[in-house]
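Trainee: Below you'll find entry.txt; it's compact mmCIF, C-alpha atoms.
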```txt
# COMPACT_ATOMS: atom_id res chain seq x y z
CA MET A 14 74.56 5.54 45.70
CA ASN A 15 74.36 2.47 47.94
CA SER A 16 73.89 3.62 51.56
CA LYS A 17 76.45 0.99 52.56
CA GLU A 18 79.23 2.71 50.63
CA GLU A 19 81.89 4.45 52.67
CA GLY A 20 80.89 8.05 53.36
CA ALA A 21 77.41 7.63 51.82
CA ALA A 22 75.80 10.01 54.32
CA VAL A 23 78.61 12.56 54.27
CA PRO A 24 77.55 15.96 52.84
CA PRO A 25 79.24 16.72 49.48
CA GLN A 26 81.20 19.67 50.92
CA ALA A 27 82.71 17.43 53.61
CA LYS A 28 83.76 14.48 51.38
CA ASN A 29 87.38 15.62 51.17
CA SER A 30 87.87 15.60 54.94
CA TRP A 31 86.06 12.31 55.65
CA GLY A 32 88.67 9.85 54.34
CA PRO A 33 91.54 11.47 56.29
CA PHE A 34 89.32 11.55 59.41
CA LEU A 35 88.64 7.78 59.22
CA LYS A 36 92.36 7.11 58.80
CA SER A 37 93.21 9.36 61.76
CA ILE A 38 90.70 7.52 64.00
CA ALA A 39 92.12 4.15 62.98
CA SER A 40 95.66 5.18 63.88
CA PHE A 41 94.79 7.33 66.92
CA THR A 42 96.13 6.37 70.34
CA GLY A 43 94.75 7.84 73.56
CA ASP A 44 91.30 9.18 74.36
CA LEU A 45 89.17 9.67 71.24
CA ALA A 46 87.31 12.49 73.05
CA ASN A 47 90.35 14.69 72.32
CA MET A 48 90.18 14.14 68.57
CA THR A 49 89.13 16.92 66.24
CA ALA A 50 86.04 15.80 64.33
CA PRO A 51 84.89 17.02 60.90
CA PRO A 52 82.52 19.99 61.22
CA PHE A 53 79.39 18.21 60.02
CA ILE A 54 79.43 15.72 62.93
CA LEU A 55 80.16 18.42 65.53
CA SER A 56 77.36 19.09 68.00
CA SER A 57 76.68 22.56 69.40
CA THR A 58 75.82 20.93 72.75
CA SER A 59 78.29 20.36 75.56
CA LEU A 60 78.55 16.90 77.11
CA VAL A 61 77.70 18.47 80.50
CA GLU A 62 74.10 18.87 79.24
CA TYR A 63 73.67 15.12 78.76
CA SER A 64 72.89 14.68 82.49
CA GLY A 65 69.46 16.13 81.75
CA TYR A 66 68.45 13.00 79.84
CA TRP A 67 67.99 11.15 83.16
CA ALA A 68 64.73 12.92 84.05
CA GLU A 69 62.87 14.07 80.94
CA HIS A 70 59.87 12.13 82.28
CA PRO A 71 59.58 13.61 85.81
CA GLU A 72 56.32 11.75 86.52
CA ILE A 73 58.09 8.40 85.94
CA PHE A 74 61.16 9.60 87.87
CA VAL A 75 59.10 10.20 91.06
CA ALA A 76 56.63 7.30 90.68
CA PRO A 77 58.56 4.89 93.00
CA ALA A 78 58.13 7.36 95.89
CA LYS A 79 54.35 6.79 95.82
CA GLU A 80 54.54 2.98 95.97
CA GLN A 81 54.33 1.30 99.40
CA ASP A 82 55.36 -2.20 98.30
CA PRO A 83 59.19 -2.60 98.08
CA GLU A 84 59.02 -5.17 95.25
CA LYS A 85 56.83 -2.91 93.12
CA ARG A 86 59.06 0.07 93.97
CA ALA A 87 62.08 -1.82 92.66
CA LEU A 88 60.13 -2.58 89.47
CA LEU A 89 59.19 1.10 89.07
CA VAL A 90 62.85 2.14 89.47
CA LEU A 91 63.79 -0.38 86.76
CA GLU A 92 61.02 0.91 84.50
CA TRP A 93 62.13 4.53 85.05
CA PHE A 94 65.73 3.62 84.17
CA LEU A 95 64.64 1.92 80.94
CA THR A 96 62.58 4.96 79.93
CA THR A 97 65.72 7.14 80.13
CA LEU A 98 67.69 5.10 77.57
CA LYS A 99 66.05 6.50 74.44
CA GLN A 100 66.68 10.05 75.63
CA GLN A 101 70.25 9.33 76.70
CA TYR A 102 71.39 7.37 73.68
CA SER A 103 69.09 7.97 70.72
CA SER A 104 67.33 11.36 70.96
CA ARG A 105 70.22 13.25 69.31
CA ASN A 106 70.23 10.81 66.41
CA GLU A 107 66.52 11.42 65.81
CA LYS A 108 66.76 15.18 66.23
CA LEU A 109 69.98 15.80 64.28
CA GLY A 110 69.96 12.93 61.78
CA SER A 111 72.96 11.19 63.33
CA GLU A 112 74.96 11.06 66.55
CA LYS A 113 77.19 14.16 66.86
CA LYS A 114 80.43 14.72 68.75
CA PRO A 115 79.57 16.96 71.74
CA LEU A 116 81.71 19.83 72.97
CA ASN A 117 84.21 18.72 75.61
CA PRO A 118 83.24 20.51 78.85
CA PHE A 119 85.86 22.59 80.67
CA LEU A 120 86.59 22.08 84.37
CA GLY A 121 83.89 23.78 86.45
CA GLU A 122 81.40 24.03 83.59
CA LEU A 123 77.80 24.01 84.86
CA PHE A 124 74.45 23.08 83.40
CA LEU A 125 71.49 24.02 85.62
CA GLY A 126 67.79 23.69 84.92
CA THR A 127 64.34 22.84 86.22
CA TRP A 128 61.52 20.63 85.02
CA LYS A 129 58.52 22.70 86.02
CA ASP A 130 55.18 21.16 87.00
CA GLU A 131 51.95 22.96 86.22
CA SER A 132 49.77 20.18 87.66
CA GLY A 133 51.20 20.54 91.18
CA GLU A 134 51.24 16.75 91.54
CA ILE A 135 54.86 16.11 90.59
CA GLY A 136 56.53 19.22 91.97
CA GLU A 137 59.60 20.87 90.47
CA THR A 138 62.54 18.66 89.60
CA GLU A 139 65.94 20.33 89.63
CA LEU A 140 69.04 19.48 87.61
CA ILE A 141 72.61 20.30 88.70
CA SER A 142 75.36 19.12 86.36
CA GLU A 143 79.03 20.05 86.81
CA GLN A 144 82.27 19.08 85.10
CA VAL A 145 84.31 17.94 88.10
CA SER A 146 87.38 16.73 86.21
CA HIS A 147 88.96 17.62 82.87
CA HIS A 148 91.76 15.02 82.81
CA PRO A 149 90.12 12.53 82.78
CA PRO A 150 86.86 14.19 81.64
CA VAL A 151 84.14 13.47 84.23
CA THR A 152 80.66 14.99 84.66
CA ALA A 153 78.85 14.77 88.02
CA TYR A 154 75.14 15.41 88.41
CA ALA A 155 72.28 15.56 90.89
CA ILE A 156 68.57 15.56 90.05
CA ILE A 157 66.31 16.46 92.97
CA ASN A 158 62.57 16.42 93.48
CA GLU A 159 61.88 17.86 96.95
CA LYS A 160 58.11 17.24 96.90
CA HIS A 161 58.50 13.47 96.65
CA GLY A 162 61.91 13.21 98.32
CA VAL A 163 63.63 11.68 95.27
CA LYS A 164 67.27 12.28 94.40
CA LEU A 165 69.47 10.87 91.67
CA GLU A 166 73.17 11.56 91.82
CA GLY A 167 76.17 10.18 90.04
CA TYR A 168 79.15 10.83 87.81
CA ASN A 169 80.55 9.34 84.66
CA GLY A 170 83.33 9.47 82.15
CA GLN A 171 83.99 7.55 78.96
CA LYS A 172 86.87 5.49 77.62
CA ALA A 173 86.67 5.23 73.82
CA SER A 174 88.51 3.09 71.27
CA PHE A 175 88.14 2.43 67.53
CA SER A 176 88.15 -0.93 65.77
CA LYS A 177 86.68 -2.27 62.50
CA GLY A 178 84.67 0.85 61.72
CA THR A 179 83.10 1.09 65.18
CA ILE A 180 83.85 3.33 68.17
CA SER A 181 83.50 1.36 71.41
CA VAL A 182 82.80 3.38 74.56
CA ARG A 183 83.11 2.00 78.06
CA GLN A 184 81.34 4.22 80.57
CA VAL A 185 82.99 4.56 83.97
CA GLY A 186 81.18 5.81 87.06
CA HIS A 187 77.71 5.04 88.42
CA ALA A 188 74.41 6.58 89.54
CA LYS A 189 72.52 6.34 92.85
CA TYR A 190 68.76 6.75 93.14
CA HIS A 191 67.48 7.62 96.64
CA LEU A 192 63.99 7.67 98.17
CA ASN A 193 63.76 9.73 101.38
CA LYS A 194 60.44 8.28 102.54
CA PHE A 195 61.76 4.72 102.65
CA ASN A 196 65.44 5.58 103.24
CA GLU A 197 66.09 3.38 100.23
CA ASP A 198 69.00 3.44 97.78
CA TYR A 199 69.55 1.95 94.34
CA LEU A 200 73.01 1.63 92.76
CA ILE A 201 72.91 1.83 88.96
CA THR A 202 75.77 0.75 86.70
CA LEU A 203 76.09 2.23 83.22
CA PRO A 204 75.89 0.30 79.94
CA SER A 205 78.78 0.04 77.51
CA LEU A 206 78.04 1.32 74.04
CA HIS A 207 79.41 1.41 70.56
CA ILE A 208 78.91 3.99 67.86
CA GLU A 209 78.16 2.38 64.53
CA GLY A 210 77.72 3.89 61.08
CA ILE A 211 80.97 5.90 61.33
CA VAL A 212 82.29 4.62 58.00
CA TYR A 213 79.11 5.72 56.23
CA GLY A 214 79.04 9.15 57.88
CA SER A 215 75.82 8.55 59.85
CA PRO A 216 76.88 7.56 63.38
CA TYR A 217 74.35 6.08 65.83
CA VAL A 218 74.59 4.56 69.31
CA GLU A 219 73.97 0.92 70.16
CA LEU A 220 74.17 -0.42 73.73
CA ASN A 221 75.89 -3.66 74.62
CA LYS A 222 76.84 -5.87 77.56
CA SER A 223 74.71 -5.26 80.66
CA SER A 224 73.92 -2.98 83.57
CA THR A 225 72.49 -3.66 87.01
CA ILE A 226 70.35 -1.87 89.59
CA THR A 227 71.00 -3.05 93.14
CA SER A 228 68.61 -1.90 95.88
CA SER A 229 69.14 -1.60 99.63
CA SER A 230 65.72 -3.29 100.03
CA GLY A 231 67.06 -6.57 98.66
CA TYR A 232 66.16 -6.56 94.95
CA VAL A 233 68.39 -6.65 91.90
CA ALA A 234 67.58 -5.78 88.29
CA THR A 235 69.76 -6.99 85.42
CA ILE A 236 69.48 -5.47 81.97
CA ASP A 237 71.11 -7.26 79.02
CA TYR A 238 71.56 -5.27 75.83
CA SER A 239 71.67 -7.27 72.63
CA GLY A 240 71.92 -4.52 70.05
CA LYS A 241 70.45 -5.81 66.81
CA GLY A 242 68.92 -8.86 68.49
CA TRP A 243 69.83 -12.13 66.77
CA ILE A 244 66.33 -13.44 67.51
CA SER A 245 64.22 -10.36 66.72
CA GLY A 246 66.64 -8.76 64.27
CA LYS A 247 65.60 -5.41 65.73
CA LYS A 248 68.15 -2.85 66.87
CA ASN A 249 68.23 -1.44 70.43
CA SER A 250 66.86 -4.72 71.84
CA PHE A 251 67.15 -5.66 75.52
CA THR A 252 65.85 -8.05 78.15
CA ALA A 253 65.62 -7.20 81.85
CA THR A 254 64.77 -9.23 84.94
CA LEU A 255 63.98 -8.36 88.55
CA THR A 256 64.92 -10.87 91.24
CA ARG A 257 65.33 -10.93 94.99
CA GLU A 258 68.95 -10.78 96.19
CA GLY A 259 70.34 -14.33 96.36
CA SER A 260 67.34 -15.91 94.57
CA LYS A 261 67.08 -17.16 90.99
CA GLU A 262 63.31 -16.76 90.87
CA VAL A 263 62.41 -14.11 88.31
CA LEU A 264 59.75 -11.78 89.70
CA TYR A 265 59.31 -9.66 86.57
CA THR A 266 60.69 -9.56 83.05
CA ILE A 267 60.81 -6.63 80.66
CA ASP A 268 61.82 -6.95 77.04
CA GLY A 269 61.59 -5.04 73.80
CA GLN A 270 63.41 -2.08 72.30
CA TRP A 271 64.55 0.85 74.38
CA THR A 272 63.89 3.20 71.44
CA ASP A 273 60.43 1.79 70.76
CA LYS A 274 58.14 -0.45 72.83
CA PHE A 275 58.81 -2.77 75.73
CA VAL A 276 56.52 -5.06 77.71
CA ILE A 277 56.52 -5.68 81.47
CA LYS A 278 55.42 -9.20 82.49
CA GLU A 279 55.06 -11.15 85.71
CA GLY A 280 57.84 -13.70 86.06
CA LYS A 281 55.82 -16.82 86.95
CA THR A 282 52.60 -16.31 85.02
CA LYS A 283 54.07 -14.34 82.09
CA ASN A 284 50.98 -12.12 82.37
CA GLU A 285 51.50 -8.80 80.62
CA LEU A 286 51.21 -5.95 83.12
CA CYS A 287 51.81 -2.99 80.83
CA THR A 288 53.52 -1.79 77.68
CA TYR A 289 55.66 1.33 77.45
CA ASP A 290 55.95 3.17 74.14
CA ALA A 291 59.10 5.30 73.99
CA LYS A 292 58.05 6.87 70.70
CA THR A 293 54.73 8.26 71.87
CA THR A 294 55.53 9.15 75.50
CA LYS A 295 56.08 12.91 75.60
CA THR A 296 59.05 14.42 77.38
CA THR A 297 58.85 17.43 79.70
CA PRO A 298 61.00 20.36 78.51
CA LEU A 299 63.80 21.49 80.82
CA TYR A 300 63.65 25.18 81.75
CA VAL A 301 67.08 26.81 81.54
CA ALA A 302 67.56 30.48 82.51
CA PRO A 303 68.04 32.99 79.67
CA ILE A 304 71.72 33.34 78.75
CA GLU A 305 71.96 36.89 80.14
CA GLU A 306 70.84 35.59 83.56
CA GLN A 307 73.25 32.66 83.61
CA ASP A 308 76.46 32.35 85.60
CA PRO A 309 79.58 32.81 83.41
CA LEU A 310 80.40 29.13 84.04
CA GLU A 311 77.04 27.90 82.77
CA SER A 312 77.43 25.93 79.60
CA ARG A 313 75.23 27.83 77.15
CA ARG A 314 76.61 31.19 78.20
CA ALA A 315 80.24 30.04 78.14
CA TRP A 316 79.96 28.33 74.75
CA GLN A 317 77.50 30.80 73.20
CA LYS A 318 79.79 32.12 70.42
CA VAL A 319 81.03 28.61 69.59
CA GLN A 320 77.50 27.22 69.45
CA GLU A 321 76.26 30.03 67.23
CA ALA A 322 79.19 29.49 64.85
CA ILE A 323 78.59 25.71 64.65
CA ILE A 324 74.89 26.27 63.89
CA ARG A 325 75.87 28.76 61.14
CA GLY A 326 78.39 26.25 59.76
CA ASP A 327 81.15 28.83 60.28
CA MET A 328 84.04 26.56 61.20
CA GLU A 329 86.68 29.28 61.21
CA THR A 330 84.88 31.24 63.95
CA THR A 331 84.12 27.94 65.74
CA GLY A 332 87.85 27.20 65.92
CA ILE A 333 88.78 30.73 67.04
CA GLU A 334 86.15 30.93 69.80
CA LYS A 335 86.84 27.37 70.95
CA SER A 336 90.56 28.11 71.22
CA LYS A 337 89.83 31.22 73.32
CA ILE A 338 88.01 29.10 75.93
CA GLU A 339 90.63 26.34 75.88
CA ASN A 340 93.54 28.81 76.22
CA GLU A 341 91.77 30.60 79.07
CA GLN A 342 91.33 27.26 80.84
CA ARG A 343 95.01 26.36 80.35
CA GLU A 344 96.03 29.69 81.87
CA MET A 345 93.77 29.09 84.89
CA ARG A 346 95.25 25.62 85.48
CA LYS A 347 98.76 27.08 85.18
CA GLN A 348 97.96 29.79 87.72
CA GLU A 349 96.42 27.27 90.14
CA LYS A 350 99.54 25.14 89.90
CA GLU A 351 101.79 28.12 90.59
CA GLU A 352 99.67 29.07 93.62
CA ASN A 353 99.53 25.44 94.80
CA ARG A 354 95.74 25.32 94.88
CA GLU A 355 93.02 23.32 93.17
CA TRP A 356 89.84 24.41 91.39
CA GLU A 357 86.95 24.47 93.90
CA ARG A 358 83.98 22.44 92.67
CA ARG A 359 80.75 24.30 93.27
CA TYR A 360 78.28 21.48 94.00
CA PHE A 361 80.29 18.27 94.38
CA SER A 362 83.14 17.01 96.54
CA GLN A 363 85.70 14.27 96.24
CA VAL A 364 85.58 11.64 98.99
CA GLU A 365 87.75 8.72 100.03
CA GLU A 366 84.73 6.48 100.36
CA ASP A 367 80.99 6.66 99.65
CA PRO A 368 79.26 4.33 102.18
CA VAL A 369 76.12 3.85 100.06
CA PHE A 370 78.19 2.87 97.03
CA THR A 371 80.51 0.62 99.06
CA LYS A 372 77.67 -1.33 100.67
CA LEU A 373 75.67 -1.96 97.47
CA ALA A 374 78.70 -2.40 95.19
CA ALA A 375 79.99 -5.23 97.41
CA LEU A 376 76.88 -7.27 96.49
CA ARG A 377 77.81 -7.16 92.78
CA ASP A 378 81.64 -7.07 92.96
CA ILE A 379 81.58 -3.57 91.48
CA THR A 380 84.66 -1.38 91.95
CA SER A 381 84.67 2.43 91.91
CA GLU A 382 87.52 2.70 89.37
CA ALA A 383 88.37 6.01 91.06
CA ASP A 384 91.64 6.20 89.12
CA LYS A 385 89.64 6.52 85.89
CA THR A 386 87.27 9.23 87.17
CA GLY A 387 89.65 11.53 89.06
CA GLY A 388 88.27 10.18 92.36
CA ILE A 389 84.91 9.32 93.93
CA TRP A 390 82.44 12.21 93.64
CA VAL A 391 79.36 12.95 95.76
CA PHE A 392 76.77 15.71 95.70
CA ASP A 393 77.63 18.13 98.53
CA GLU A 394 74.47 19.32 100.32
CA ALA A 395 76.38 22.04 102.22
CA LYS A 396 77.84 23.50 99.01
CA TYR A 397 74.40 23.33 97.40
CA ALA A 398 72.82 25.24 100.32
CA GLN A 399 75.61 27.81 100.14
CA ALA A 400 75.11 28.31 96.40
CA LEU A 401 71.35 28.71 96.90
CA ALA A 402 71.93 31.30 99.65
CA LYS A 403 74.27 33.28 97.37
CA LYS A 404 71.71 33.17 94.57
CA THR A 405 68.97 34.44 96.91
CA GLU A 406 71.20 37.32 98.10
CA SER A 407 71.93 38.44 94.55
```
Take the structure from the file and write it as structure tokens.

Mentor:
Amino acid sequence: MNSKEEGAAVPPQAKNSWGPFLKSIASFTGDLANMTAPPFILSSTSLVEYSGYWAEHPEIFVAPAKEQDPEKRALLVLEWFLTTLKQQYSSRNEKLGSEKKPLNPFLGELFLGTWKDESGEIGETELISEQVSHHPPVTAYAIINEKHGVKLEGYNGQKASFSKGTISVRQVGHAKYHLNKFNEDYLITLPSLHIEGIVYGSPYVELNKSSTITSSSGYVATIDYSGKGWISGKKNSFTATLTREGSKEVLYTIDGQWTDKFVIKEGKTKNELCTYDAKTTKTTPLYVAPIEEQDPLESRRAWQKVQEAIIRGDMETTGIEKSKIENEQREMRKQEKEENREWERRYFSQVEEDPVFTKLAALRDITSEADKTGGIWVFDEAKYAQALAKKTES
């Protein structure tokens, strides 16, 4: 069968449900995240776990903290960001054969973990990810390396639509990268993406449009995503530049494929400084506590029965166990409404304004779009300290 035929990659047992699914997407109005997907493209992973893709290379994540020169620091932050793209947008495709629809996190769902460091040079890097809003769905996260004084925090949601066989996803929200030693901040905007290959039953992610990284030290990085580049003909292509704020002079360029190799060059001389190979650079595994030691709100404990059923291919049990969680959540929201109270987020708080965001966003005409993310969310150090104290007591 020609791989370009509709449903070519759909397993034989799922053929009957694929046609109706495509028709339902085409006529669906509202948020596609709420759609029921055919079992074979269901993932056993919750979307709240995706925050972990930001720091699967802890040594690259902390590298800017060791650099004294602000221009080179800005370049290292750009390089780190580019190294996260393969993990964020392609690793599931490679591991599972195609992009899968993740489980929709419930309000208050947590995903906690640590990238351990045996060398002692990097230090431990901690991940805190929490679903801070269910309508609209928004995940907030903080990634902290105390040894080097590096912190990433942010939040994001997605707005999806379907047209001509492709799901387009606009990401809302942003990330902030902070270096304690230099009291330096970087505001990162998120790329738009589209999911191709839906019609053939083998979905994969392609990035489009652009994203920027604006630093408080006066540098700006712009990343343009060209998808299947019309010049190179290669998918996942991009070009990036680093300039000084207000200047057109290109200090550095980076181009290539975010799933493969990219080359960093000096702007003026075009001298190649280094090449990064996304395929051969090893990731550091995230340590997550055994399920029996996890908090009831932690993702893998909460979804355990659903995940096991999906892995077994038992869709009846998947539906039953999924409904139990969803009904329990509905009851909790109902009770909160009756008692005139709101769910208390464990690690994050909603704020009227985030000064770091406001200052850097003004340089790029970026708006918070708080109406699309249930508010502006920041990592709450006091709540974090409180949660650590409780953990130590128990």

Trainee: Between CA of Trp316 (chain A) and CA of Gly210 (chain A), what is the distance in Å, rounded to a tenth?

Mentor: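 Going from CA of Trp316 (chain A) over to CA of Gly210 (chain A), I get 28.1 Å.
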
Trainee: Rank A:Glu159, A:Glu357, A:Asp378, A:Glu349 by their smallest atom-to-atom distance to Lys396 (chain A), using only C-alpha atoms, and report the top residue only.

Mentor: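 Checking each of A:Glu159, A:Glu357, A:Asp378, A:Glu349 against Lys396 (chain A), counting only C-alpha atoms, the winner is A:Glu357.
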
Trainee: If we count only C-alpha atoms, what is near Glu92 (chain A) at a cut-off of 9 Å, once residues fewer than 5 positions away on the same chain are taken out, given as a list in words?

Mentor: Ile73, Ala87, Thr97, Ile267, Ile277 and Tyr289 of chain A

Trainee: Region 164-171 of chain A: which residues within 6 Å, counting all atoms listed in the file, same-chain residues fewer than 4 positions away excluded, as a PyMOL selection string?

Mentor: chain A and resi 150-157+183-191

Trainee: Quick check, in Å to one decimal: how far apart do CA of Val61 (chain A) and CA of Glu382 (chain A) lie?

Mentor: 20.6 Å

Trainee: Can you tell me how far CA of Tyr217 (chain A) sits from CA of Thr331 (chain A), in Å to one decimal?

Mentor: 23.9 Å

Trainee: Smallest atom-to-atom distance to Thr254 (chain A): which of A:Arg105, A:Gly326, A:Leu91, A:Leu116, using only C-alpha atoms?

Mentor: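 The shortest atom-to-atom distance to Thr254 (chain A) comes from A:Leu91.
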
Trainee: I need the residue nearest Gln101 (chain A) from this list: A:Glu219, A:Glu351, A:Glu306, A:Glu321. Use all atoms listed in the file for the distance.

Mentor: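 Under the stated criterion, the closest residue is A:Glu219.
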
Trainee: Identify which of the residues A:Lys318, A:Tyr63, A:Lys335, A:Tyr265 lies closest to Ile304 (chain A), counting all atoms listed in the file when measuring atom-to-atom distances.

Mentor: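 Closest candidate: A:Lys318.
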
Trainee: Just the residues within 7 Å of Glu122 (chain A), please, counting all atoms listed in the file, with nothing from its chain fewer than 6 positions along; format it as a ChimeraX atom specification.

Mentor: /A:143-144,310-312

Trainee: Check the smallest atom-to-atom distance from each of A:Lys99, A:Lys347, A:Lys79, A:Lys113 to Leu60 (chain A) using all atoms listed in the file, then report the winner.

Mentor: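 With all atoms listed in the file as the atom set, the closest residue is A:Lys113.
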